[in-house]
$ cat structure-v3.cif   # mmCIF, C-alpha atoms
data_entry
loop_
_atom_site.group_PDB
_atom_site.id
_atom_site.type_symbol
_atom_site.label_atom_id
_atom_site.label_comp_id
_atom_site.auth_asym_id
_atom_site.auth_seq_id
_atom_site.Cartn_x
_atom_site.Cartn_y
_atom_site.Cartn_z
ATOM 1 C CA MET A 1 -25.867 9.059 10.294
ATOM 2 C CA VAL A 2 -26.402 7.692 6.798
ATOM 3 C CA TYR A 3 -25.458 9.393 3.531
ATOM 4 C CA ASP A 4 -25.747 8.428 -0.113
ATOM 5 C CA VAL A 5 -22.873 7.825 -2.519
ATOM 6 C CA THR A 6 -23.637 7.317 -6.199
ATOM 7 C CA ILE A 7 -21.035 5.661 -8.415
ATOM 8 C CA PHE A 8 -21.613 4.827 -12.103
ATOM 9 C CA GLY A 9 -25.308 5.493 -11.589
ATOM 10 C CA ILE A 10 -25.638 3.087 -8.648
ATOM 11 C CA ASN A 11 -26.796 4.680 -5.397
ATOM 12 C CA ILE A 12 -25.251 3.198 -2.242
ATOM 13 C CA PRO A 13 -26.365 4.283 1.255
ATOM 14 C CA ILE A 14 -23.331 4.505 3.538
ATOM 15 C CA LYS A 15 -23.292 4.360 7.321
ATOM 16 C CA PRO A 16 -19.730 5.218 8.452
ATOM 17 C CA VAL A 17 -20.212 3.720 11.936
ATOM 18 C CA ALA A 18 -20.306 -0.072 11.768
ATOM 19 C CA PHE A 19 -21.388 -0.552 15.394
ATOM 20 C CA THR A 20 -21.003 0.984 18.843
ATOM 21 C CA LEU A 21 -19.403 -0.790 21.781
ATOM 22 C CA PRO A 22 -21.066 -0.211 25.170
ATOM 23 C CA ILE A 23 -17.851 1.038 26.796
ATOM 24 C CA MET A 24 -16.501 4.491 27.631
ATOM 25 C CA GLY A 25 -19.972 5.930 27.157
ATOM 26 C CA GLY A 26 -20.311 4.322 23.726
ATOM 27 C CA TRP A 27 -17.289 3.724 21.501
ATOM 28 C CA ASN A 28 -17.978 3.970 17.786
ATOM 29 C CA VAL A 29 -16.231 1.443 15.527
ATOM 30 C CA TYR A 30 -15.977 2.840 11.998
ATOM 31 C CA TRP A 31 -16.057 0.916 8.734
ATOM 32 C CA TYR A 32 -12.897 2.804 7.727
ATOM 33 C CA GLY A 33 -10.926 1.189 10.539
ATOM 34 C CA ILE A 34 -12.434 -2.244 9.867
ATOM 35 C CA ILE A 35 -11.524 -2.067 6.168
ATOM 36 C CA ILE A 36 -7.945 -0.991 6.972
ATOM 37 C CA ALA A 37 -7.703 -3.913 9.401
ATOM 38 C CA LEU A 38 -8.940 -6.320 6.709
ATOM 39 C CA GLY A 39 -6.227 -5.045 4.361
ATOM 40 C CA PHE A 40 -3.607 -5.644 7.049
ATOM 41 C CA LEU A 41 -5.020 -9.130 7.682
ATOM 42 C CA ALA A 42 -4.808 -9.962 3.962
ATOM 43 C CA ALA A 43 -1.128 -8.976 3.964
ATOM 44 C CA LEU A 44 -0.501 -11.181 7.023
ATOM 45 C CA VAL A 45 -2.238 -14.159 5.411
ATOM 46 C CA TYR A 46 -0.120 -13.758 2.291
ATOM 47 C CA ALA A 47 3.062 -13.643 4.389
ATOM 48 C CA TYR A 48 1.983 -16.734 6.330
ATOM 49 C CA PHE A 49 1.598 -18.867 3.209
ATOM 50 C CA ASN A 50 4.595 -17.503 1.292
ATOM 51 C CA ALA A 51 7.298 -16.754 3.866
ATOM 52 C CA LYS A 52 9.092 -20.056 3.245
ATOM 53 C CA ARG A 53 9.202 -19.456 -0.511
ATOM 54 C CA PHE A 54 10.992 -16.162 0.152
ATOM 55 C CA GLY A 55 13.481 -17.925 2.428
ATOM 56 C CA LEU A 56 12.099 -16.281 5.579
ATOM 57 C CA ASN A 57 11.453 -17.620 9.074
ATOM 58 C CA LEU A 58 7.765 -16.928 9.744
ATOM 59 C CA ASP A 59 8.101 -16.332 13.490
ATOM 60 C CA ARG A 60 10.863 -13.783 13.031
ATOM 61 C CA LEU A 61 8.986 -12.145 10.164
ATOM 62 C CA LEU A 62 5.900 -11.741 12.369
ATOM 63 C CA ASP A 63 8.054 -10.034 15.006
ATOM 64 C CA VAL A 64 9.066 -7.529 12.344
ATOM 65 C CA VAL A 65 5.453 -6.994 11.254
ATOM 66 C CA LEU A 66 4.139 -6.507 14.799
ATOM 67 C CA VAL A 67 6.523 -3.593 15.288
ATOM 68 C CA ALA A 68 6.298 -2.124 11.788
ATOM 69 C CA ALA A 69 2.468 -2.069 11.694
ATOM 70 C CA PRO A 70 1.831 0.419 14.541
ATOM 71 C CA VAL A 71 4.814 2.514 13.458
ATOM 72 C CA ALA A 72 3.321 2.646 9.945
ATOM 73 C CA ILE A 73 0.028 4.048 11.288
ATOM 74 C CA LEU A 74 1.787 6.709 13.354
ATOM 75 C CA SER A 75 4.062 7.602 10.427
ATOM 76 C CA ALA A 76 1.050 7.881 8.110
ATOM 77 C CA ARG A 77 -0.507 10.324 10.566
ATOM 78 C CA LEU A 78 2.694 12.354 10.960
ATOM 79 C CA TYR A 79 3.236 12.575 7.181
ATOM 80 C CA TYR A 80 -0.334 13.802 6.718
ATOM 81 C CA ILE A 81 -0.049 16.465 9.398
ATOM 82 C CA ILE A 82 3.336 17.727 8.134
ATOM 83 C CA PHE A 83 1.980 18.438 4.654
ATOM 84 C CA SER A 84 -1.584 19.337 5.620
ATOM 85 C CA GLU A 85 -2.602 22.990 5.836
ATOM 86 C CA ASP A 86 -5.658 22.190 7.956
ATOM 87 C CA MET A 87 -4.183 20.094 10.782
ATOM 88 C CA LYS A 88 -1.751 20.832 13.589
ATOM 89 C CA ILE A 89 0.629 18.531 15.441
ATOM 90 C CA THR A 90 -1.610 18.865 18.540
ATOM 91 C CA GLU A 91 -4.250 16.873 16.618
ATOM 92 C CA PHE A 92 -1.902 13.906 16.139
ATOM 93 C CA PHE A 93 -3.917 11.537 18.335
ATOM 94 C CA ASN A 94 -7.347 12.898 17.406
ATOM 95 C CA PHE A 95 -8.761 10.036 15.344
ATOM 96 C CA SER A 96 -12.385 10.710 16.241
ATOM 97 C CA SER A 97 -13.529 11.948 12.817
ATOM 98 C CA GLY A 98 -14.111 8.895 10.692
ATOM 99 C CA GLY A 99 -11.976 6.419 12.605
ATOM 100 C CA PHE A 100 -8.333 6.981 11.587
ATOM 101 C CA ALA A 101 -9.127 9.572 8.916
ATOM 102 C CA GLY A 102 -6.197 11.803 8.058
ATOM 103 C CA LEU A 103 -3.581 9.211 7.082
ATOM 104 C CA ALA A 104 -1.158 9.288 4.152
ATOM 105 C CA ILE A 105 -0.143 6.020 2.518
ATOM 106 C CA TYR A 106 3.392 7.173 1.755
ATOM 107 C CA GLY A 107 3.928 7.971 5.409
ATOM 108 C CA ALA A 108 2.821 4.433 6.248
ATOM 109 C CA VAL A 109 5.154 2.876 3.668
ATOM 110 C CA ILE A 110 8.147 4.961 4.778
ATOM 111 C CA GLY A 111 7.514 4.210 8.451
ATOM 112 C CA ALA A 112 7.009 0.515 7.791
ATOM 113 C CA LEU A 113 10.209 0.221 5.759
ATOM 114 C CA LEU A 114 12.400 2.102 8.257
ATOM 115 C CA SER A 115 11.075 0.320 11.347
ATOM 116 C CA GLY A 116 10.962 -2.965 9.429
ATOM 117 C CA ALA A 117 14.614 -2.613 8.421
ATOM 118 C CA LEU A 118 15.599 -1.997 12.042
ATOM 119 C CA MET A 119 13.625 -5.014 13.251
ATOM 120 C CA CYS A 120 15.078 -7.172 10.466
ATOM 121 C CA TYR A 121 18.543 -6.262 11.744
ATOM 122 C CA ILE A 122 17.579 -7.032 15.342
ATOM 123 C CA ARG A 123 15.839 -10.332 14.526
ATOM 124 C CA LYS A 124 18.436 -11.340 11.906
ATOM 125 C CA VAL A 125 15.996 -11.405 8.991
ATOM 126 C CA ASN A 126 17.210 -10.764 5.438
ATOM 127 C CA ILE A 127 16.033 -7.199 4.818
ATOM 128 C CA LEU A 128 15.610 -7.426 1.044
ATOM 129 C CA ASP A 129 13.713 -10.723 1.216
ATOM 130 C CA ALA A 130 11.448 -9.249 3.894
ATOM 131 C CA PHE A 131 10.862 -6.131 1.782
ATOM 132 C CA ASP A 132 10.060 -8.307 -1.237
ATOM 133 C CA ILE A 133 7.272 -10.193 0.512
ATOM 134 C CA ALA A 134 6.096 -7.032 2.284
ATOM 135 C CA SER A 135 5.686 -5.171 -1.003
ATOM 136 C CA ILE A 136 3.060 -7.667 -2.172
ATOM 137 C CA GLY A 137 1.400 -7.319 1.219
ATOM 138 C CA PHE A 138 1.436 -3.526 0.759
ATOM 139 C CA LEU A 139 -0.448 -3.842 -2.524
ATOM 140 C CA LEU A 140 -3.038 -6.184 -1.027
ATOM 141 C CA GLY A 141 -3.527 -3.870 1.946
ATOM 142 C CA GLN A 142 -3.750 -0.776 -0.238
ATOM 143 C CA GLY A 143 -6.144 -2.436 -2.678
ATOM 144 C CA ILE A 144 -8.542 -3.332 0.123
ATOM 145 C CA GLY A 145 -7.894 -0.279 2.283
ATOM 146 C CA ARG A 146 -8.843 2.205 -0.465
ATOM 147 C CA TRP A 147 -12.472 1.193 0.053
ATOM 148 C CA GLY A 148 -12.184 2.878 3.415
ATOM 149 C CA ASN A 149 -11.767 6.114 1.456
ATOM 150 C CA PHE A 150 -15.011 5.318 -0.338
ATOM 151 C CA VAL A 151 -16.833 4.964 2.984
ATOM 152 C CA ASN A 152 -15.323 8.248 4.189
ATOM 153 C CA GLN A 153 -16.259 10.109 0.960
ATOM 154 C CA GLU A 154 -12.619 10.984 0.266
ATOM 155 C CA ALA A 155 -9.861 10.339 -2.275
ATOM 156 C CA PHE A 156 -12.020 11.426 -5.189
ATOM 157 C CA GLY A 157 -10.812 13.502 -8.109
ATOM 158 C CA THR A 158 -11.802 16.321 -10.396
ATOM 159 C CA ALA A 159 -14.960 16.338 -12.520
ATOM 160 C CA THR A 160 -15.130 13.687 -15.245
ATOM 161 C CA GLY A 161 -17.337 15.803 -17.498
ATOM 162 C CA SER A 162 -19.578 12.776 -18.041
ATOM 163 C CA ASP A 163 -23.252 12.251 -17.258
ATOM 164 C CA TRP A 164 -22.710 8.723 -15.915
ATOM 165 C CA PHE A 165 -18.994 7.955 -15.496
ATOM 166 C CA GLY A 166 -17.858 8.912 -12.020
ATOM 167 C CA MET A 167 -19.144 9.293 -8.488
ATOM 168 C CA THR A 168 -20.992 11.867 -6.463
ATOM 169 C CA SER A 169 -21.794 12.311 -2.788
ATOM 170 C CA GLU A 170 -22.314 15.060 -0.273
ATOM 171 C CA ALA A 171 -18.552 15.639 -0.108
ATOM 172 C CA VAL A 172 -18.237 15.729 -3.912
ATOM 173 C CA ALA A 173 -21.167 18.165 -4.161
ATOM 174 C CA ASN A 174 -19.594 20.449 -1.553
ATOM 175 C CA GLU A 175 -16.266 20.368 -3.395
ATOM 176 C CA LEU A 176 -17.318 20.420 -7.055
ATOM 177 C CA GLY A 177 -20.986 21.361 -7.082
ATOM 178 C CA GLU A 178 -24.380 19.633 -7.172
ATOM 179 C CA GLY A 179 -24.792 17.003 -9.877
ATOM 180 C CA VAL A 180 -21.089 16.941 -10.790
ATOM 181 C CA LEU A 181 -19.485 13.498 -11.173
ATOM 182 C CA ALA A 182 -15.920 13.109 -9.926
ATOM 183 C CA HIS A 183 -13.204 10.597 -10.795
ATOM 184 C CA PRO A 184 -13.433 7.688 -8.297
ATOM 185 C CA CYS A 185 -9.692 7.765 -7.609
ATOM 186 C CA PHE A 186 -10.058 5.316 -4.735
ATOM 187 C CA LEU A 187 -11.432 2.753 -7.199
ATOM 188 C CA TYR A 188 -8.688 3.333 -9.774
ATOM 189 C CA GLU A 189 -6.049 2.783 -7.129
ATOM 190 C CA SER A 190 -7.789 -0.200 -5.547
ATOM 191 C CA LEU A 191 -7.989 -2.064 -8.852
ATOM 192 C CA TRP A 192 -4.410 -1.132 -9.803
ATOM 193 C CA CYS A 193 -3.042 -2.330 -6.455
ATOM 194 C CA LEU A 194 -4.935 -5.630 -6.510
ATOM 195 C CA LEU A 195 -3.776 -6.274 -10.077
ATOM 196 C CA GLY A 196 -0.248 -5.350 -8.996
ATOM 197 C CA ALA A 197 -0.377 -7.844 -6.118
ATOM 198 C CA LEU A 198 -1.192 -10.590 -8.626
ATOM 199 C CA VAL A 199 1.496 -9.472 -11.091
ATOM 200 C CA LEU A 200 4.227 -9.215 -8.446
ATOM 201 C CA HIS A 201 3.179 -12.555 -6.937
ATOM 202 C CA LEU A 202 3.713 -14.205 -10.311
ATOM 203 C CA ILE A 203 7.034 -12.394 -10.789
ATOM 204 C CA SER A 204 8.159 -13.464 -7.317
ATOM 205 C CA LYS A 205 7.934 -17.115 -8.377
ATOM 206 C CA LYS A 206 10.744 -16.415 -10.850
ATOM 207 C CA ARG A 207 12.637 -13.994 -8.631
ATOM 208 C CA VAL A 208 16.139 -13.344 -9.958
ATOM 209 C CA PHE A 209 17.566 -11.444 -6.975
ATOM 210 C CA SER A 210 16.583 -10.277 -3.500
ATOM 211 C CA GLY A 211 15.060 -6.804 -3.680
ATOM 212 C CA GLN A 212 13.583 -7.365 -7.145
ATOM 213 C CA ILE A 213 9.975 -7.324 -5.923
ATOM 214 C CA ILE A 214 10.246 -4.215 -3.764
ATOM 215 C CA LEU A 215 11.829 -2.359 -6.698
ATOM 216 C CA SER A 216 9.055 -3.648 -8.959
ATOM 217 C CA TYR A 217 6.531 -2.410 -6.388
ATOM 218 C CA CYS A 218 8.098 1.036 -6.491
ATOM 219 C CA VAL A 219 7.799 1.122 -10.286
ATOM 220 C CA TRP A 220 4.255 -0.276 -10.377
ATOM 221 C CA TYR A 221 2.756 1.811 -7.585
ATOM 222 C CA GLY A 222 4.822 4.930 -8.224
ATOM 223 C CA PHE A 223 3.708 5.068 -11.863
ATOM 224 C CA GLU A 224 0.013 4.856 -11.004
ATOM 225 C CA ARG A 225 0.059 7.106 -7.939
ATOM 226 C CA GLY A 226 1.989 9.821 -9.747
ATOM 227 C CA PHE A 227 -0.802 10.232 -12.314
ATOM 228 C CA ILE A 228 -3.792 9.550 -10.041
ATOM 229 C CA GLU A 229 -2.572 12.165 -7.559
ATOM 230 C CA LEU A 230 -2.826 14.787 -10.309
ATOM 231 C CA LEU A 231 -6.580 14.102 -10.452
ATOM 232 C CA ARG A 232 -7.288 14.309 -6.733
ATOM 233 C CA THR A 233 -8.776 17.341 -5.035
ATOM 234 C CA ASP A 234 -7.353 16.560 -1.586
ATOM 235 C CA SER A 235 -3.636 16.387 -2.418
ATOM 236 C CA LEU A 236 -1.018 17.413 0.131
ATOM 237 C CA TYR A 237 1.147 20.255 -1.174
ATOM 238 C CA MET A 238 4.721 21.423 -0.679
ATOM 239 C CA PHE A 239 5.230 25.202 -0.853
ATOM 240 C CA GLY A 240 1.565 25.434 -1.830
ATOM 241 C CA VAL A 241 2.172 24.397 -5.465
ATOM 242 C CA ILE A 242 3.901 20.988 -5.622
ATOM 243 C CA ARG A 243 1.803 17.876 -5.080
ATOM 244 C CA VAL A 244 4.003 15.982 -2.635
ATOM 245 C CA SER A 245 2.775 12.456 -3.371
ATOM 246 C CA SER A 246 2.844 12.959 -7.140
ATOM 247 C CA LEU A 247 6.428 14.249 -7.138
ATOM 248 C CA LEU A 248 7.569 11.522 -4.742
ATOM 249 C CA SER A 249 5.824 8.857 -6.841
ATOM 250 C CA PHE A 250 7.511 9.802 -10.092
ATOM 251 C CA VAL A 251 10.932 10.072 -8.409
ATOM 252 C CA ILE A 252 10.525 6.636 -6.803
ATOM 253 C CA CYS A 253 9.197 5.078 -10.025
ATOM 254 C CA ILE A 254 12.061 6.366 -12.190
ATOM 255 C CA GLY A 255 14.717 5.596 -9.580
ATOM 256 C CA ALA A 256 13.464 2.021 -9.076
ATOM 257 C CA ALA A 257 13.221 1.429 -12.841
ATOM 258 C CA ILE A 258 16.837 2.541 -13.300
ATOM 259 C CA ALA A 259 17.939 0.299 -10.415
ATOM 260 C CA LEU A 260 16.161 -2.712 -11.943
ATOM 261 C CA ILE A 261 17.751 -2.131 -15.355
ATOM 262 C CA VAL A 262 21.246 -1.724 -13.860
ATOM 263 C CA ILE A 263 20.953 -4.834 -11.686
ATOM 264 C CA TYR A 264 19.518 -6.984 -14.480
ATOM 265 C CA ARG A 265 22.292 -5.789 -16.789
ATOM 266 C CA LYS A 266 24.995 -6.569 -14.239
ATOM 267 C CA ARG A 267 23.620 -10.049 -13.577
ATOM 268 C CA LYS A 268 23.450 -10.742 -17.321
ATOM 269 C CA ILE A 269 27.097 -9.730 -17.707
ATOM 270 C CA ASP A 270 28.059 -11.892 -14.707
ATOM 271 C CA ALA A 271 26.242 -14.856 -16.235
ATOM 272 C CA GLU A 272 27.981 -14.383 -19.598
ATOM 273 C CA ASN A 273 31.441 -14.076 -18.049
ATOM 274 C CA ASN A 274 31.132 -16.801 -15.424
ATOM 275 C CA ALA A 275 30.327 -20.356 -16.489
ATOM 276 C CA GLU A 276 29.620 -21.308 -12.851
ATOM 277 C CA TYR A 277 27.123 -18.487 -12.364
ATOM 278 C CA VAL A 278 23.766 -19.724 -11.006
ATOM 279 C CA SER A 279 20.641 -17.581 -10.813
ATOM 280 C CA MET A 280 18.861 -17.065 -7.526
ATOM 281 C CA PHE A 281 15.831 -18.963 -8.805
ATOM 282 C CA ALA A 282 17.976 -21.946 -9.735
ATOM 283 C CA GLU A 283 19.510 -21.880 -6.262
ATOM 284 C CA ASN A 284 16.043 -21.870 -4.703
ATOM 285 C CA GLU A 285 14.953 -24.811 -6.871
ATOM 286 C CA LYS A 286 18.025 -26.786 -5.804
ATOM 287 C CA ALA A 287 17.355 -26.011 -2.142
ATOM 288 C CA GLU A 288 13.736 -27.145 -2.497
ATOM 289 C CA GLU A 289 14.840 -30.402 -4.168
ATOM 290 C CA ILE A 290 17.307 -31.129 -1.345
ATOM 291 C CA GLU A 291 14.659 -30.370 1.266
ATOM 292 C CA GLN A 292 12.154 -32.654 -0.479
ATOM 293 C CA VAL A 293 14.671 -35.519 -0.618
ATOM 294 C CA GLU A 294 15.496 -35.088 3.074
ATOM 295 C CA THR A 295 11.808 -35.100 3.959
ATOM 296 C CA GLU A 296 11.171 -38.291 2.001
ATOM 297 C CA GLU A 297 14.096 -40.001 3.716
#
$ encode --input "structure-v3.cif" --output "structure tokens"
Amino acid sequence: MVYDVTIFGINIPIKPVAFTLPIMGGWNVYWYGIIIALGFLAALVYAYFNAKRFGLNLDRLLDVVLVAAPVAILSARLYYIIFSEDMKITEFFNFSSGGFAGLAIYGAVIGALLSGALMCYIRKVNILDAFDIASIGFLLGQGIGRWGNFVNQEAFGTATGSDWFGMTSEAVANELGEGVLAHPCFLYESLWCLLGALVLHLISKKRVFSGQIILSYCVWYGFERGFIELLRTDSLYMFGVIRVSSLLSFVICIGAAIALIVIYRKRKIDAENNAEYVSMFAENEKAEEIEQVETEE
């Protein structure tokens, strides 16, 4: 099956099935699943090259990731089913339509954080440092993974009212009408997440305290998702009127922003009142200098 998707006037033929494995009577491998896997791989690569800078043991961190990743997928599915009016819990393991279609990113994040926190405790990994590096991995994974929505003709928004700005496809036509261009919400979010990964990476090099990056992630992603969700036509609703992801996004964004302001303020006061106060970044620099000297010796 091949269908056409037109975005900004460019027509792109899409084949959702990448290839078929000659097992179990023919097992279809979907582009959606491949793209999600690439996003996960990008997050792993980032962790591999930056774990030391965050003060983390790579082997222990990978143990955390290997448990949190499958839990995140199952949590994303459960979150989607809970707030979906079209799916039942009996369909939990039915991933046949589109290769892992029917997932909610907030469910994945919540599941990853809860299971990750438990594994950090078990493997004696600093939870806040692990969350800091994971948050940049989240943004990389989300930025890449949103293109899976493009392949699946989902995560689009309301009509743009323009003759050229927007996207259309069979799914858009069925939802909004023939010839109507919709907001490419998947693209907005992909670009925002990839930009956020770069911004938070740069911030992490001057990290002031553990937990700073995960709070910054909550502000950055929560702000964008809260507004983008208001454009989407496939939102999950609570009580039939409240867009769950939009409400959750704004609550998380505001809460994280307040936490950042309070913590920064407290650290500033501590620095002013304590002549021996040393910032986290300064401590990291000192540790790196000592390690370099020891290596040279």
$ residues_around --input "structure-v3.cif" --residues "Leu66 in chain A" --least-positions-apart "4" --cutoff "10 Å" --atoms "only C-alpha atoms" --output "list in words"
Leu61, Leu62, Pro70, Val71, Gly116 and Met119 of chain A
$ axis_aligned_box --input "structure-v3.cif" --around "range 25-36 of chain A" --padding-each-side "5 Å" --output "lines of an AutoDock Vina configuration file"
center_x = -14.1
center_y = 1.8
center_z = 16.7
size_x = 22.4
size_y = 18.2
size_z = 31.0
$ resolve_selection --input "structure-v3.cif" --expression "the PyMOL selection byres ((chain A and resi 189) around 9)" --output "PyMOL selection string"
chain A and resi 142-143+146+184-188+190-194+221+224-225+228
$ resolve_selection --input "structure-v3.cif" --expression "the PyMOL selection byres ((chain A and resi 130) around 9)" --output "PyMOL selection string"
chain A and resi 51+54+56+61+64+116-117+120+125-129+131-135+211
$ atom_distance --input "structure-v3.cif" --atom1 "CA of Ser115 in chain A" --atom2 "CA of Tyr264 in chain A"
28.1 Å
$ residues_around --input "structure-v3.cif" --residues "Asn152 in chain A" --least-positions-apart "2" --cutoff "7 Å" --atoms "all atoms listed in the file" --output "PyMOL selection string"
chain A and resi 16+32+98+148-150+154
$ closest_residue --input "structure-v3.cif" --among "A:Ile12, A:Val262, A:Val180, A:Cys253" --to "Ser162 in chain A" --atoms "all atoms listed in the file"
A:Val180
$ closest_residue --input "structure-v3.cif" --among "A:Leu236, A:Ile122, A:Ile252, A:Ala18" --to "Val151 in chain A" --atoms "all atoms listed in the file"
A:Ala18
$ residues_around --input "structure-v3.cif" --residues "Val109 in chain A" --least-positions-apart "3" --cutoff "8 Å" --atoms "all atoms listed in the file" --output "PyMOL selection string"
chain A and resi 72+76+105-106+112-113+138
